[in-house]
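Novice: As input, take protein-v9.cif (mmCIF, C-alpha atoms):
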data_query
loop_
_atom_site.label_atom_id
_atom_site.label_comp_id
_atom_site.auth_asym_id
_atom_site.auth_seq_id
_atom_site.Cartn_x
_atom_site.Cartn_y
_atom_site.Cartn_z
CA MET A 1 0.00 0.00 0.00
CA ALA A 2 1.48 3.32 -1.08
CA MET A 3 1.79 6.01 1.53
CA MET A 4 -0.03 9.20 0.61
CA ARG A 5 1.39 12.48 1.80
CA SER A 6 -1.11 14.69 3.51
CA HIS A 7 -1.73 18.28 2.46
CA ASP A 8 0.46 19.55 5.30
CA GLU A 9 3.41 17.34 4.33
CA ARG A 10 3.71 18.66 0.77
CA PRO A 11 6.81 20.72 0.13
CA HIS A 12 5.88 24.36 0.42
CA SER A 13 7.60 27.69 0.17
CA VAL A 14 6.99 31.36 0.75
CA HIS A 15 8.92 32.52 -2.32
CA VAL A 16 7.54 33.55 -5.67
CA HIS A 17 9.52 32.40 -8.70
CA PRO A 18 11.58 35.16 -10.39
CA TRP A 19 9.81 34.53 -13.70
CA ILE A 20 6.61 35.85 -12.15
CA PHE A 21 8.24 39.22 -11.50
CA LYS A 22 9.70 39.23 -15.00
CA GLY A 23 6.23 38.46 -16.35
CA VAL A 24 4.74 41.42 -14.49
CA ALA A 25 7.48 43.67 -15.85
CA GLY A 26 6.89 42.37 -19.39
CA PHE A 27 3.14 42.99 -19.22
CA VAL A 28 3.70 46.48 -17.81
CA LEU A 29 6.10 47.21 -20.68
CA LEU A 30 3.42 46.04 -23.13
CA ILE A 31 0.90 48.36 -21.44
CA LEU A 32 3.33 51.24 -21.79
CA ILE A 33 3.98 50.54 -25.48
CA ALA A 34 0.25 50.25 -26.16
CA ALA A 35 -0.48 53.50 -24.32
CA TRP A 36 2.11 55.33 -26.40
CA GLY A 37 0.63 53.69 -29.50
CA PHE A 38 -2.54 55.71 -29.02
CA SER A 39 -0.64 58.97 -29.34
CA ALA A 40 0.79 57.99 -32.74
CA THR A 41 -2.56 58.66 -34.44
CA TRP A 42 -4.02 61.17 -32.01
CA SER A 43 -5.83 63.98 -33.83
CA PRO A 44 -4.20 67.38 -33.32
CA ASP A 45 -6.86 69.58 -31.78
CA SER A 46 -7.52 71.27 -28.47
CA VAL A 47 -6.91 68.12 -26.39
CA GLU A 48 -3.36 67.67 -27.70
CA ALA A 49 -2.00 69.63 -24.77
CA TYR A 50 -3.35 66.97 -22.40
CA THR A 51 -2.00 64.03 -24.40
CA GLY A 52 1.53 64.54 -23.11
CA LEU A 53 0.28 64.81 -19.55
CA ALA A 54 -1.77 61.63 -19.86
CA LEU A 55 1.17 59.72 -21.36
CA ALA A 56 3.47 61.01 -18.64
CA MET A 57 1.05 59.77 -15.96
CA VAL A 58 0.66 56.36 -17.61
CA SER A 59 4.44 56.08 -17.87
CA TYR A 60 4.81 57.08 -14.22
CA LEU A 61 2.25 54.49 -13.08
CA CYS A 62 3.97 51.80 -15.15
CA LEU A 63 7.31 52.76 -13.60
CA ILE A 64 5.76 52.44 -10.13
CA ALA A 65 4.32 49.00 -11.00
CA VAL A 66 7.69 47.72 -12.22
CA GLY A 67 9.39 49.27 -9.20
CA LEU A 68 7.01 47.49 -6.84
CA ALA A 69 7.56 44.16 -8.59
CA TYR A 70 11.33 44.67 -8.36
CA ALA A 71 11.11 45.61 -4.67
CA MET A 72 8.98 42.55 -3.91
CA ASN A 73 11.51 40.38 -5.71
CA ARG A 74 14.37 41.86 -3.68
CA PHE A 75 12.50 41.46 -0.39
CA THR A 76 11.75 37.81 -1.00
CA ARG A 77 15.34 37.05 -1.93
CA GLN A 78 16.84 38.75 1.13
CA ARG A 79 14.54 37.38 3.79
CA PRO A 80 16.85 36.59 6.74
CA GLU A 81 14.48 34.47 8.82
CA ALA A 82 14.24 31.51 6.45
CA ALA A 83 14.27 28.74 9.04
CA ARG A 84 13.65 25.80 6.73
CA GLU A 85 16.13 24.85 4.06
CA GLU A 86 13.34 24.64 1.50
CA ASP A 87 12.27 28.24 2.24
CA ARG A 88 15.57 29.66 1.12
CA PRO A 89 15.40 31.01 -2.40
CA ALA A 90 16.98 28.50 -4.70
CA ARG A 91 17.37 28.26 -8.43
CA THR A 92 14.52 25.85 -8.95
CA SER A 93 12.88 25.38 -12.29
CA PHE A 94 9.50 26.94 -12.91
CA HIS A 95 8.05 23.46 -13.43
CA ASP A 96 9.12 22.40 -9.94
CA TRP A 97 8.00 25.69 -8.39
CA LYS A 98 4.49 25.62 -9.88
CA SER A 99 3.75 22.21 -8.35
CA ARG A 100 4.80 23.28 -4.86
CA GLU A 101 2.55 24.77 -2.23
CA ILE A 102 3.09 28.50 -1.66
CA GLU A 103 2.18 30.14 1.62
CA VAL A 104 -0.31 32.94 1.06
CA GLY A 105 -2.36 35.12 3.42
CA ASP A 106 -4.20 32.50 5.44
CA GLY A 107 -3.20 29.20 3.92
CA HIS A 108 -1.50 27.47 1.02
CA GLN A 109 -2.03 27.58 -2.72
CA ARG A 110 -0.40 25.65 -5.51
CA GLY A 111 2.33 27.65 -7.26
CA SER A 112 0.49 27.62 -10.58
CA HIS A 113 -2.55 29.23 -8.93
CA VAL A 114 -0.36 31.88 -7.32
CA ALA A 115 1.19 32.65 -10.71
CA ILE A 116 -2.25 33.02 -12.29
CA ASP A 117 -3.45 35.25 -9.44
CA ILE A 118 -0.44 37.54 -9.79
CA LEU A 119 -0.28 37.69 -13.59
CA LEU A 120 -3.99 37.79 -14.46
CA ALA A 121 -4.63 41.52 -13.93
CA PRO A 122 -1.56 42.88 -15.78
CA ALA A 123 -2.07 40.36 -18.58
CA ALA A 124 -5.72 41.32 -19.05
CA VAL A 125 -4.93 45.03 -19.16
CA ALA A 126 -1.94 44.58 -21.49
CA ILE A 127 -3.75 42.31 -23.95
CA GLY A 128 -6.92 44.41 -23.89
CA LEU A 129 -5.05 47.66 -24.43
CA THR A 130 -2.98 46.14 -27.23
CA ILE A 131 -6.14 44.97 -28.99
CA LEU A 132 -7.64 48.45 -28.57
CA VAL A 133 -4.55 50.05 -30.14
CA ILE A 134 -4.68 47.64 -33.07
CA VAL A 135 -8.37 48.40 -33.63
CA TRP A 136 -7.66 52.14 -33.21
CA HIS A 137 -5.04 51.97 -35.99
CA LEU A 138 -7.19 49.80 -38.29
CA ALA A 139 -10.44 51.76 -37.85
CA PRO A 140 -9.48 54.71 -40.14
CA ALA A 141 -8.52 52.28 -42.90
CA ALA A 142 -11.92 50.56 -42.68
CA SER A 143 -13.97 53.75 -43.05
CA PRO A 144 -15.06 54.61 -46.64
#
Let me see the file written as C-alpha cells.
Specialist:
Amino acid sequence: MAMMRSHDERPHSVHVHPWIFKGVAGFVLLILIAAWGFSATWSPDSVEAYTGLALAMVSYLCLIAVGLAYAMNRFTRQRPEAAREEDRPARTSFHDWKSREIEVGDGHQRGSHVAIDILLAPAAVAIGLTILVIVWHLAPAASP
C-alpha cells in the first residue's frame, strides 16, 4: 500500500519564482507601449495639450508598478528568517515551483494558482489595451 502524503506534508515555500516578476514587468512594458501607440494617431486639436500629460502619468504608473515588482523580488530574496532549508530562495525550475505549495495570506495555494493570481490583472490590461490600439489603428482604414 502506497503512503499518501497529507496536504500539510507537501513541500511548500513562501517565495515567488523570479519569472513571475519578469512576467509582471513584461506585461507592464506592453501596457506602456500600447499607451504610447494611441498617441501615434491622435488627432491634433484642443486636447493635444493633455496628451503629453496623460502619457506622462501612464508612464509614471507603469514605472511604479515595475518598481514594486522589483522591490517585492528583492524582499523575498533577502529574507533573513528563512528557518527551513526549503524556504531559502533557490534556483529551482519553474516546473518544480508551480507544483509546490506556496504560503499565502491564510493558507497554502499551488504555485500555478499563485502565478495566475499575480499575472492575471496585468495580462488582461496589457492584452486588452494592445487589442484596442490595433483596432484604433485599423479603424481609419476601414472607413469609406
Novice: For the point (9.1, 49.0, -19.0) in the file's frame, write as a ChimeraX atom specification all residues with an atom no more than 10 Å away, counting all atoms listed in the file.
Specialist: /A:24-33,59,62-63,65-67
Novice: One decimal, Å: what's the distance from CA of Tyr60 in chain A over to CA of Ile118 in chain A, could you say?
Specialist: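 Distance reported for this atom pair: 20.7 Å.
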Novice: Which one is closest to His95 in chain A: A:Val135, A:Ala115, A:Gln109, A:Leu55? Count all atoms listed in the file.
Specialist: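 Using all atoms listed in the file, the shortest distance to His95 in chain A belongs to A:Ala115.
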Novice: If the PyMOL selection byres ((chain A and resi 114) around 12) is run on the structure shown, which residues does it catch, given as a VMD selection string?
Specialist: chain A and resid 13 to 17 20 97 to 105 107 to 113 115 to 120
Novice: Which value, in Å to one decimal, gives the distance between CA of Thr130 in chain A and CA of Ile64 in chain A?
Specialist: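 Spanning CA of Thr130 in chain A to CA of Ile64 in chain A is a straight-line distance of 20.2 Å.
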Novice: What's the separation between CA of Ala35 in chain A and CA of Tyr70 in chain A, in Å to one decimal place?
Specialist: 21.7 Å
